[in-house]
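J.: The structure file entry-v5.cif (mmCIF, C-alpha atoms) is provided below.
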```cif
data_target
loop_
_atom_site.group_PDB
_atom_site.id
_atom_site.type_symbol
_atom_site.label_atom_id
_atom_site.label_comp_id
_atom_site.auth_asym_id
_atom_site.auth_seq_id
_atom_site.Cartn_x
_atom_site.Cartn_y
_atom_site.Cartn_z
ATOM 1 C CA MET A 1 92.399 94.369 74.126
ATOM 2 C CA ILE A 2 95.090 93.499 76.675
ATOM 3 C CA ASN A 3 94.884 90.081 78.285
ATOM 4 C CA LEU A 4 95.790 90.790 81.928
ATOM 5 C CA GLU A 5 96.653 87.137 82.500
ATOM 6 C CA GLN A 6 99.658 87.562 80.192
ATOM 7 C CA VAL A 7 100.864 90.804 81.792
ATOM 8 C CA LYS A 8 103.560 90.166 84.382
ATOM 9 C CA PHE A 9 104.306 92.973 86.805
ATOM 10 C CA ILE A 10 107.568 93.087 88.750
ATOM 11 C CA SER A 11 108.101 95.189 91.865
ATOM 12 C CA ILE A 12 110.939 97.697 91.585
ATOM 13 C CA GLY A 13 110.570 99.126 95.086
ATOM 14 C CA PHE A 14 108.234 101.285 97.180
ATOM 15 C CA GLY A 15 105.118 99.852 95.580
ATOM 16 C CA SER A 16 106.237 100.680 92.042
ATOM 17 C CA VAL A 17 105.896 97.978 89.421
ATOM 18 C CA ILE A 18 106.869 97.543 85.781
ATOM 19 C CA ASN A 19 105.509 95.311 83.047
ATOM 20 C CA ALA A 20 108.131 92.555 82.743
ATOM 21 C CA ASN A 21 107.021 91.829 79.178
ATOM 22 C CA LYS A 22 108.141 95.320 78.101
ATOM 23 C CA VAL A 23 111.680 95.257 79.599
ATOM 24 C CA VAL A 24 114.500 95.447 77.054
ATOM 25 C CA ALA A 25 117.456 95.763 79.446
ATOM 26 C CA ILE A 26 118.337 96.165 83.111
ATOM 27 C CA ILE A 27 121.582 98.102 83.485
ATOM 28 C CA SER A 28 123.799 99.337 86.290
ATOM 29 C CA PRO A 29 123.924 103.181 86.272
ATOM 30 C CA GLU A 30 127.642 103.719 86.940
ATOM 31 C CA SER A 31 129.067 104.161 83.422
ATOM 32 C CA ALA A 32 129.258 107.507 81.630
ATOM 33 C CA PRO A 33 127.188 106.352 78.611
ATOM 34 C CA ILE A 34 124.352 105.226 80.888
ATOM 35 C CA LYS A 35 124.477 108.532 82.776
ATOM 36 C CA ARG A 36 124.204 110.347 79.423
ATOM 37 C CA MET A 37 121.264 108.137 78.473
ATOM 38 C CA ILE A 38 119.533 109.094 81.748
ATOM 39 C CA THR A 39 120.185 112.805 81.158
ATOM 40 C CA GLU A 40 118.868 112.632 77.585
ATOM 41 C CA SER A 41 115.789 110.722 78.711
ATOM 42 C CA ARG A 42 115.101 113.329 81.413
ATOM 43 C CA GLN A 43 115.365 116.113 78.828
ATOM 44 C CA LYS A 44 113.002 114.295 76.421
ATOM 45 C CA GLY A 45 110.504 113.614 79.192
ATOM 46 C CA THR A 46 110.771 109.836 78.919
ATOM 47 C CA LEU A 47 112.408 109.248 82.316
ATOM 48 C CA ILE A 48 110.475 107.633 85.147
ATOM 49 C CA ASP A 49 112.235 108.052 88.495
ATOM 50 C CA ALA A 50 110.981 105.385 90.906
ATOM 51 C CA THR A 51 113.812 105.858 93.423
ATOM 52 C CA TYR A 52 111.889 108.222 95.715
ATOM 53 C CA GLY A 53 115.053 110.250 96.244
ATOM 54 C CA ARG A 54 117.235 107.263 97.056
ATOM 55 C CA LYS A 55 120.358 106.109 95.228
ATOM 56 C CA THR A 56 119.740 104.748 91.721
ATOM 57 C CA ARG A 57 120.943 101.151 91.571
ATOM 58 C CA SER A 58 119.443 100.078 88.260
ATOM 59 C CA VAL A 59 118.266 101.548 84.999
ATOM 60 C CA VAL A 60 115.459 99.676 83.267
ATOM 61 C CA VAL A 61 115.068 100.274 79.550
ATOM 62 C CA MET A 62 111.529 99.662 78.278
ATOM 63 C CA ASP A 63 110.539 98.752 74.718
ATOM 64 C CA SER A 64 108.670 102.080 74.462
ATOM 65 C CA GLY A 65 111.966 103.954 74.861
ATOM 66 C CA GLN A 66 111.171 105.022 78.406
ATOM 67 C CA ILE A 67 113.864 104.735 81.056
ATOM 68 C CA VAL A 68 112.908 103.683 84.590
ATOM 69 C CA LEU A 69 115.244 104.343 87.531
ATOM 70 C CA SER A 70 115.028 101.981 90.486
ATOM 71 C CA LEU A 71 116.683 101.674 93.863
ATOM 72 C CA ILE A 72 116.650 97.859 93.515
ATOM 73 C CA THR A 73 119.805 96.237 92.087
ATOM 74 C CA PRO A 74 119.761 94.704 88.597
ATOM 75 C CA ASP A 75 120.387 91.249 90.116
ATOM 76 C CA THR A 76 117.324 91.538 92.360
ATOM 77 C CA ILE A 77 115.073 92.687 89.520
ATOM 78 C CA THR A 78 116.358 89.856 87.322
ATOM 79 C CA ALA A 79 115.738 87.316 90.092
ATOM 80 C CA ARG A 80 112.182 88.597 90.517
ATOM 81 C CA MET A 81 111.587 88.303 86.795
ATOM 82 C CA GLN A 82 112.922 84.754 86.776
ATOM 83 C CA GLN A 83 110.775 83.772 89.764
ATOM 84 C CA ARG A 84 107.731 85.248 88.066
ATOM 85 C CA ASN A 85 108.485 83.250 84.908
ATOM 86 C CA GLY A 86 109.075 80.045 86.847
ATOM 87 C CA VAL A 87 112.739 79.927 85.824
ATOM 88 C CA LEU A 88 115.098 78.597 88.437
ATOM 89 C CA GLU A 89 118.578 80.043 88.924
ATOM 90 C CA ASN A 90 120.208 76.646 88.223
ATOM 91 C CA GLU A 91 118.573 76.141 84.843
#
```
Can you turn what I pasted into structure tokens?

T.:
Amino acid sequence: MINLEQVKFISIGFGSVINANKVVAIISPESAPIKRMITESRQKGTLIDATYGRKTRSVVVMDSGQIVLSLITPDTITARMQQRNGVLENE
């Protein structure tokens, strides 16, 4: 059974949230290898597009192998994760 007190959700824009405990990487989408990864994920059916038609600013890789596209920058998502964990930027 999942203990909801341990699950930490992070907003990635437009009311969409991800489980912060399941994030493997937060990547900028500009490079060719990342674009290929997005294309392959779309073809396999493991892509979650949470951009609502806006420009993709970050690619979130989940431990399940799913790829989540977000319009929020990687820095903003990271800052939200750190705030949620009680980690300060200066630490």

J.: Might you pull out every residue within 10 Å of region 57-70 of chain A, with all atoms listed in the file counted and same-chain residues fewer than 4 positions away left off, and present them as number ranges by chain?

T.: A: 11-14, 16, 18-30, 34-35, 37-38, 40-42, 44-52, 74-77

J.: Starting from 8 Å padding per side, set up an axis-aligned box that covers all listed atoms of region 25-36 of chain A and hand over centre and edge lengths in Å, one decimal, as lines of an AutoDock Vina configuration file.

T.:
```
center_x = 123.4
center_y = 103.1
center_z = 82.8
size_x = 27.8
size_y = 30.6
size_z = 24.3
```

J.: Quick check, in Å to one decimal: how far apart do CA of Gly53 (chain A) and CA of Thr39 (chain A) lie?

T.: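 Taking CA of Gly53 (chain A) as the start and CA of Thr39 (chain A) as the end point, the length is 16.1 Å.
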
J.: Nearest to Gln82 (chain A): which of A:Phe9, A:Ala32, A:Gly15, A:Lys55 is it, counting only C-alpha atoms?

T.: A:Phe9
